[in-house]
Amino acid sequence: MRLHINIDHVATIRQARRTDEPDPVRAAVLAELGGADGITVHLREDRRHIQDRDVRLLMETVRTGINLELAASPEMVRLGIELRPMAVTLVPERREEVTTEGGLNLTDSGARARLEAAVTALRDAGITVSLFVDPDNATLDACLETGADAVELHTGQWAECWNGAQVKDRDAASAVYQAVRRASAHGRSLGLAVHAGHGLTYENVAPVAALHDIEELNIGHSVVSRAVLVGMERAVSEMKETIIRAREQAIGV
């Protein structure tokens with residue numbers, strides 16, 4: 001299982017003072033040294049954290065590969081094509097949200113058409129495209145029809161079932177987990193690469209990491225939070241070890 005580290009919130013700390021530190025590019029280098037298999041950044045339309053300069057320098061510096069999260073707007077898609085990252089994950093975006101809330105809407109015909117146009121343009125440029133969606137089988141069927149290469153399952157509801165290392169409601173957690181499990185299996189059966197992310201922490205990641213149909217996790221806030229205390233390299237290494245241990249236990253190693 002690949003671990004991609006989202007470094008957005010390194011930039012959030014920097015932008016709080018509109019200064020030049022901490023530098024997300026340096027954080028990405030340390031994340032790779034800690035064992036990250038890729039770096040994820042969300043270049044939002046309002047540029048609230050990651051800036052264009054960051055992405056351009058990351059493209060020159062990161063050795064593993066950049067997964068660039070973008071809104072499916074014409075402006076952001078054009079920028080993605082110009083930058084040519086390893087992969088683009090199309091995500092919903094609302095100005096008033098604190099962070100991404102829920103997956104893409106593939107039921108609205110207008111939104112679906114814009115999404116299909118974005119997928120086509122990016123894939124024609126040779127960029128792998130993933131769609132950030134809720135864990136729902138019908139939604140995954142629609143993702144396949146857009147021509148996307150992969151899906152990233154939104155694990156926010158799973159995260160909401162936890163309070164630190166404790167499950168708040170076991171029945172609710174079980175229902176959400178089974179939805180993620182079914183969606184990951186269905187996505188893989190369709191030939192889509194299946195990723196997952198949002199709200200995953202050191203305490204709640206193990207059950208998700210144990211799902212063999214998921215091949216990549218995108219984790220940011222929890223790792224950056226720990227990095228503030230122990231350093232980025234160690235924080236990434238500890239998350240990677242947690243994921244490997246969960247994977248090995250799932251297959252009986």
# chains A, B, ... in the order shown; residues from 1 in each chain; ligands from 1

call {"tool": "select_by_dssp", "arguments": {"residues": "region 3-245 of chain A", "states": "strand (DSSP E)", "output": "short mmCIF file (atom, residue, chain, number, x, y, z; two decimals) with C-alpha atoms, in the first residue's frame"}}
result
data_model
loop_
_atom_site.label_atom_id
_atom_site.label_comp_id
_atom_site.auth_asym_id
_atom_site.auth_seq_id
_atom_site.Cartn_x
_atom_site.Cartn_y
_atom_site.Cartn_z
CA LEU A 3 1.28 6.31 1.50
CA HIS A 4 0.97 9.80 0.07
CA ILE A 5 1.51 12.66 2.50
CA ASN A 6 -0.61 15.78 2.07
CA GLY A 38 4.23 10.37 -2.91
CA ILE A 39 3.28 13.94 -2.03
CA THR A 40 -0.25 15.32 -2.25
CA VAL A 41 -1.11 19.01 -2.41
CA HIS A 42 -4.42 20.78 -2.93
CA ILE A 66 3.02 14.71 -7.05
CA ASN A 67 -0.70 14.06 -6.69
CA LEU A 68 -2.26 17.47 -7.34
CA GLU A 69 -5.78 18.00 -5.99
CA LEU A 70 -7.80 20.46 -8.06
CA ALA A 87 -1.63 12.51 -11.06
CA VAL A 88 -4.54 14.91 -10.58
CA THR A 89 -7.33 14.20 -8.12
CA LEU A 90 -10.45 16.20 -8.90
CA THR A 128 -3.55 10.02 -14.45
CA VAL A 129 -6.91 11.20 -13.09
CA SER A 130 -8.61 10.24 -9.83
CA LEU A 131 -12.01 11.37 -8.55
CA PHE A 132 -12.65 12.07 -4.86
CA VAL A 133 -16.01 10.45 -4.11
CA ALA A 150 -8.89 5.93 -10.18
CA VAL A 151 -11.14 6.93 -7.30
CA GLU A 152 -10.27 8.21 -3.86
CA LEU A 153 -12.86 7.11 -1.32
CA HIS A 154 -13.84 9.82 1.13
CA TRP A 162 -13.77 8.09 16.31
CA ASN A 163 -12.78 10.15 19.32
CA GLN A 166 -11.97 5.25 20.90
CA VAL A 167 -14.93 4.40 18.68
CA ALA A 193 -7.41 2.01 -8.92
CA VAL A 194 -8.83 2.57 -5.42
CA HIS A 195 -7.36 5.13 -3.03
CA ALA A 196 -8.73 6.49 0.26
CA GLY A 197 -8.31 9.52 2.43
CA GLU A 216 -3.09 4.10 -1.71
CA LEU A 217 -3.84 6.30 1.31
CA ASN A 218 -3.65 10.09 1.32
CA ILE A 219 -3.04 11.47 4.82
#

call {"tool": "select_by_dssp", "arguments": {"residues": "region 30-200 of chain A", "states": "helix (DSSP H, G or I)", "output": "PyMOL selection string"}}
result
chain A and resi 30-33+52-61+74-83+109-124+137-146+156-160+170-189

call {"tool": "closest_atom_pairs", "arguments": {"of": "region 126-222 of chain A", "to": "region 7-12 of chain A", "cutoff": "10 Å", "atoms": "only C-alpha atoms", "output": "JSON lines"}}
result
{"residue": "A:Ile219", "atom": "CA", "partner": "A:Ile7", "partner_atom": "CA", "distance": 8.8}
{"residue": "A:Gly220", "atom": "CA", "partner": "A:Ile7", "partner_atom": "CA", "distance": 6.0}
{"residue": "A:His221", "atom": "CA", "partner": "A:His9", "partner_atom": "CA", "distance": 6.5}
{"residue": "A:Ser222", "atom": "CA", "partner": "A:His9", "partner_atom": "CA", "distance": 9.8}

call {"tool": "residues_around", "arguments": {"residues": "Arg112 (chain A)", "least_positions_apart": "4", "cutoff": "12 Å", "atoms": "only C-alpha atoms", "output": "tab-separated table (two decimals) with N, CA and C atoms, in the first residue's frame"}}
result
chain	number	residue	atom	x	y	z
A	72	ALA	N	-12.58	20.98	-10.51
A	72	ALA	CA	-12.75	20.64	-11.93
A	72	ALA	C	-13.17	21.86	-12.75
A	92	PRO	N	-14.32	18.28	-4.96
A	92	PRO	CA	-15.28	19.38	-4.83
A	92	PRO	C	-14.66	20.50	-4.02
A	104	LEU	N	-17.40	14.26	-4.82
A	104	LEU	CA	-17.93	14.94	-6.00
A	104	LEU	C	-19.37	14.52	-6.26
A	105	ASN	N	-20.13	15.44	-6.83
A	105	ASN	CA	-21.52	15.17	-7.21
A	105	ASN	C	-21.56	14.69	-8.65
A	106	LEU	N	-21.89	13.42	-8.85
A	106	LEU	CA	-21.98	12.88	-10.20
A	106	LEU	C	-23.43	12.65	-10.63
A	107	THR	N	-24.38	13.15	-9.85
A	107	THR	CA	-25.79	12.98	-10.20
A	107	THR	C	-26.34	14.18	-10.98
A	108	ASP	N	-25.80	15.36	-10.73
A	108	ASP	CA	-26.22	16.55	-11.46
A	108	ASP	C	-25.63	16.51	-12.87
A	116	GLU	N	-16.59	15.31	-16.74
A	116	GLU	CA	-16.14	14.48	-17.86
A	116	GLU	C	-15.20	15.26	-18.76
A	117	ALA	N	-15.50	16.53	-18.99
A	117	ALA	CA	-14.62	17.37	-19.81
A	117	ALA	C	-13.25	17.52	-19.17
A	118	ALA	N	-13.23	17.69	-17.84
A	118	ALA	CA	-11.97	17.84	-17.12
A	118	ALA	C	-11.15	16.55	-17.19
A	119	VAL	N	-11.81	15.41	-16.99
A	119	VAL	CA	-11.11	14.12	-17.05
A	119	VAL	C	-10.50	13.92	-18.43
A	131	LEU	N	-10.86	10.59	-8.99
A	131	LEU	CA	-12.01	11.37	-8.55
A	131	LEU	C	-12.25	11.10	-7.06
A	139	THR	N	-22.06	5.53	-7.42
A	139	THR	CA	-21.15	6.64	-7.74
A	139	THR	C	-19.91	6.12	-8.46
A	142	ALA	N	-20.55	5.54	-12.03
A	142	ALA	CA	-20.52	6.81	-12.76
A	142	ALA	C	-19.09	7.28	-12.99
A	143	CYS	N	-18.21	7.03	-12.01
A	143	CYS	CA	-16.80	7.41	-12.17
A	143	CYS	C	-16.17	6.69	-13.35
A	145	GLU	N	-17.63	5.69	-16.00
A	145	GLU	CA	-18.17	6.25	-17.23
A	145	GLU	C	-17.51	7.58	-17.61
A	146	THR	N	-16.93	8.29	-16.63
A	146	THR	CA	-16.24	9.55	-16.95
A	146	THR	C	-14.90	9.31	-17.62
A	147	GLY	N	-14.38	8.10	-17.52
A	147	GLY	CA	-13.07	7.80	-18.08
A	147	GLY	C	-11.94	7.94	-17.08

call {"tool": "closest_residue", "arguments": {"among": "A:Arg245, A:His186, A:Arg94, A:Arg14", "to": "Glu45 (chain A)", "atoms": "only C-alpha atoms"}}
result
A:Arg94

call {"tool": "closest_residue", "arguments": {"among": "A:Pro22, A:Pro207, A:Gly103, A:Gly35", "to": "Val228 (chain A)", "atoms": "only C-alpha atoms"}}
result
A:Pro22

call {"tool": "residues_around", "arguments": {"residues": "Asp54 (chain A)", "least_positions_apart": "5", "cutoff": "9 Å", "atoms": "only C-alpha atoms", "output": "list in words"}}
result
Ala11, Asp23, Pro24, Val25 and Met59 of chain A

call {"tool": "write_last_selection", "arguments": {"atoms": "C-alpha atoms", "output": "PDB file, in the first residue's frame"}}
result
ATOM      1  CA  ALA A  11       1.492  25.874   4.121  1.00  0.00           C
ATOM      2  CA  ASP A  23       8.375  25.725   3.668  1.00  0.00           C
ATOM      3  CA  PRO A  24       6.134  22.935   2.307  1.00  0.00           C
ATOM      4  CA  VAL A  25       8.809  22.033  -0.219  1.00  0.00           C
ATOM      5  CA  MET A  59       7.489  19.509  -9.334  1.00  0.00           C
TER       6      MET A  59
END

call {"tool": "atom_distance", "arguments": {"atom1": "CA of Glu248 (chain A)", "atom2": "CA of Gly156 (chain A)"}}
result
24.4 Å
